[in-house]
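Only one structure is covered here, and it is reproduced in the block below.
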Amino acid sequence: MGVVTSHRRLEKNASEDDLNTARIVGWCVEIFESYILIVDDIMDESETRRGHPCWYKQVGMIAINDAFLLESCVYKLLKKSIGNKDFYLNIMNLFLQAAFHTTLGQGLDVSTSNSKKDTGVDFAIFTRARYDDIVNWKVGSTPSTYL
């Protein structure tokens with residue numbers, strides 16, 4: 001709903017076709033987030049997500065395939081629905097950039113939390129700058145270091 005609401009506010013005379021496009025992009029954002037959360041839960045060995053057992057806890061490691069399927073569906077849905085629009089490549093690039101940044105942030109997150117697997121987190125490497133970079137990469141902001 002956020003994508004549609006934003007589009008309505010930015011484009012006062014949005015056509016129904018424009019609003020349908022916004023809805024589809026909004027669905028893709030939700031599907032993309034689901035893909036990211038499944039992968040994150042597996043890598044972090046999480047038990048629950050939003051008060052329920054994580055997907056991989058319910059179905060096993062086939063959840064990895066489910067995550068890849070969700071990611072693929074985003075790109076298929078975008079191609080099918082807006083592949084003929086002039087902004088298609090820009091939208092695709094936004095999703096690809098989000099995937100890249102999130103992957104980098106997840107890598108920092110996992111490498112920090114697994115730095116001393118037997119004894120817990122090595123707090124010497126868990127600095128404020130590292131924390132900021134994990135958060136910034138995972139949500140798509142500009143990180144300060146680690147490139």
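The way I read the labels, and the way they are meant: chains A, B, ... in the order of the structure tokens, residue 1 as the first residue of every chain, and ligand 1 as the first ligand shown, with later ones counted on from there.
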
Problem - alpha helix (DSSP H) positions in chain A, given as number ranges by chain - result: A: 2-10, 16-44, 55-59, 62-82, 88-113, 128-139

Exercise for the section: Name the residues in contact with Val29 of chain A at a cut-off of 12 Å, using only C-alpha atoms, excluding same-chain residues fewer than 3 positions from it; report them as a PyMOL selection string. Expected result: chain A and resi 1-4+22-26+32-36+70-71+73-75+77-78+91-92+94-96+98-99

Selected residues written out, C-alpha atoms, as a CSV table (one decimal), in the first residue's frame:
```csv
chain,number,residue,atom,x,y,z
A,1,MET,CA,0.0,0.0,0.0
A,2,GLY,CA,2.9,2.3,0.6
A,3,VAL,CA,4.0,2.3,-3.1
A,4,VAL,CA,0.4,3.1,-4.2
A,22,ALA,CA,2.3,0.9,-8.6
A,23,ARG,CA,0.4,-2.1,-7.1
A,24,ILE,CA,2.5,-4.6,-8.9
A,25,VAL,CA,5.7,-2.9,-7.9
A,26,GLY,CA,4.4,-2.9,-4.3
A,32,PHE,CA,11.4,-9.4,-2.3
A,33,GLU,CA,11.3,-8.7,1.5
A,34,SER,CA,10.0,-12.2,2.0
A,35,TYR,CA,12.9,-13.6,0.0
A,36,ILE,CA,15.4,-11.6,2.1
A,70,LEU,CA,10.5,-15.7,-4.6
A,71,GLU,CA,13.4,-13.7,-5.8
A,73,CYS,CA,9.2,-14.3,-9.2
A,74,VAL,CA,10.0,-10.6,-8.5
A,75,TYR,CA,11.9,-10.3,-11.8
A,77,LEU,CA,6.5,-10.3,-12.5
A,78,LEU,CA,8.3,-7.1,-13.3
A,91,ILE,CA,13.0,-0.5,-11.5
A,92,MET,CA,15.0,-3.6,-12.2
A,94,LEU,CA,16.6,-0.7,-7.9
A,95,PHE,CA,15.8,-4.3,-7.0
A,96,LEU,CA,19.2,-5.5,-8.0
A,98,ALA,CA,18.8,-3.6,-3.0
A,99,ALA,CA,19.7,-7.3,-3.3
```

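The closest residue to Asp17 of chain A, picked from A:Thr127, A:Thr112, A:Ser81, A:Gln97 and counting only C-alpha atoms, is A:Ser81.
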
Exercise for the section: as a PyMOL selection string, please: all residues of segment 14-130 of chain A that backbone DSSP puts in strand (DSSP E or B). Expected result: chain A and resi 48-49+52-53

Atoms to include: all heavy atoms. Write the selected residues as a JSON list (two decimals), in the first residue's frame.
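The resulting file, part06.json, is shown below:
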```json
[["chain", "number", "residue", "atom", "x", "y", "z"],
["A", 48, "THR", "N", 12.05, -17.84, 15.31],
["A", 48, "THR", "CA", 10.74, -17.29, 14.99],
["A", 48, "THR", "C", 10.87, -16.03, 14.15],
["A", 48, "THR", "O", 11.90, -15.36, 14.17],
["A", 48, "THR", "CB", 9.93, -16.95, 16.25],
["A", 48, "THR", "OG1", 10.64, -15.96, 17.00],
["A", 48, "THR", "CG2", 9.67, -18.18, 17.10],
["A", 49, "ARG", "N", 9.79, -15.73, 13.47],
["A", 49, "ARG", "CA", 9.67, -14.49, 12.70],
["A", 49, "ARG", "C", 8.25, -14.01, 12.90],
["A", 49, "ARG", "O", 7.30, -14.73, 12.62],
["A", 49, "ARG", "CB", 9.98, -14.76, 11.22],
["A", 49, "ARG", "CG", 9.62, -13.67, 10.26],
["A", 49, "ARG", "CD", 10.52, -12.47, 10.27],
["A", 49, "ARG", "NE", 11.90, -12.77, 9.98],
["A", 49, "ARG", "CZ", 12.87, -11.87, 10.09],
["A", 49, "ARG", "NH1", 12.58, -10.64, 10.44],
["A", 49, "ARG", "NH2", 14.12, -12.20, 9.86],
["A", 52, "HIS", "N", 5.90, -16.43, 14.81],
["A", 52, "HIS", "CA", 5.65, -17.76, 14.27],
["A", 52, "HIS", "C", 6.98, -18.43, 13.95],
["A", 52, "HIS", "O", 7.98, -17.76, 13.72],
["A", 52, "HIS", "CB", 4.80, -17.67, 12.99],
["A", 52, "HIS", "CG", 3.47, -17.05, 13.21],
["A", 52, "HIS", "ND1", 2.42, -17.73, 13.78],
["A", 52, "HIS", "CD2", 3.00, -15.80, 12.95],
["A", 52, "HIS", "CE1", 1.37, -16.93, 13.87],
["A", 52, "HIS", "NE2", 1.70, -15.75, 13.38],
["A", 53, "PRO", "N", 6.99, -19.76, 13.91],
["A", 53, "PRO", "CA", 8.24, -20.42, 13.52],
["A", 53, "PRO", "C", 8.71, -19.95, 12.15],
["A", 53, "PRO", "O", 7.89, -19.73, 11.25],
["A", 53, "PRO", "CB", 7.86, -21.91, 13.48],
["A", 53, "PRO", "CG", 6.64, -22.02, 14.33],
["A", 53, "PRO", "CD", 5.91, -20.72, 14.19]]
```

Counting only C-alpha atoms, what are the residues of segment 61-136 of chain A within 7 Å of segment 38-46 of chain A, and for each of them which pair of atoms is the nearest and at what distance in Å, to one decimal? Sort the table by chain and rising number, as a Markdown table.
```
| residue | atom | partner | partner_atom | distance |
| --- | --- | --- | --- | --- |
| A:Ile64 | CA | A:Val39 | CA | 6.9 |
| A:Ala67 | CA | A:Ile38 | CA | 6.1 |
| A:Val110 | CA | A:Asp44 | CA | 6.9 |
```

Write the selection just made, keeping N, CA, C and O atoms, as a CSV table (one decimal), in the first residue's frame?
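Result went into out-v3.csv, see below:
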```csv
chain,number,residue,atom,x,y,z
A,64,ILE,N,15.4,-22.7,1.2
A,64,ILE,CA,16.4,-22.0,0.4
A,64,ILE,C,15.9,-21.9,-1.0
A,64,ILE,O,15.9,-20.8,-1.7
A,67,ALA,N,13.1,-19.4,-1.2
A,67,ALA,CA,13.7,-18.0,-1.3
A,67,ALA,C,14.1,-17.6,-2.7
A,67,ALA,O,13.8,-16.6,-3.2
A,110,VAL,N,26.6,-11.6,9.5
A,110,VAL,CA,26.9,-13.0,9.8
A,110,VAL,C,28.4,-13.1,10.3
A,110,VAL,O,28.7,-13.9,11.2
```

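Using only C-alpha atoms, the smallest distance between any of A:Ala14, A:Ser111, A:Val59, A:Gly105 and Asp132 of chain A comes from A:Gly105.
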
Problem - For atom CA of Val135 of chain A and atom CA of His101 of chain A, the interatomic separation in Å (one decimal) - result: 10.3 Å

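The space between atom CA of Lys57 of chain A and atom CA of Leu108 of chain A spans 23.7 Å.
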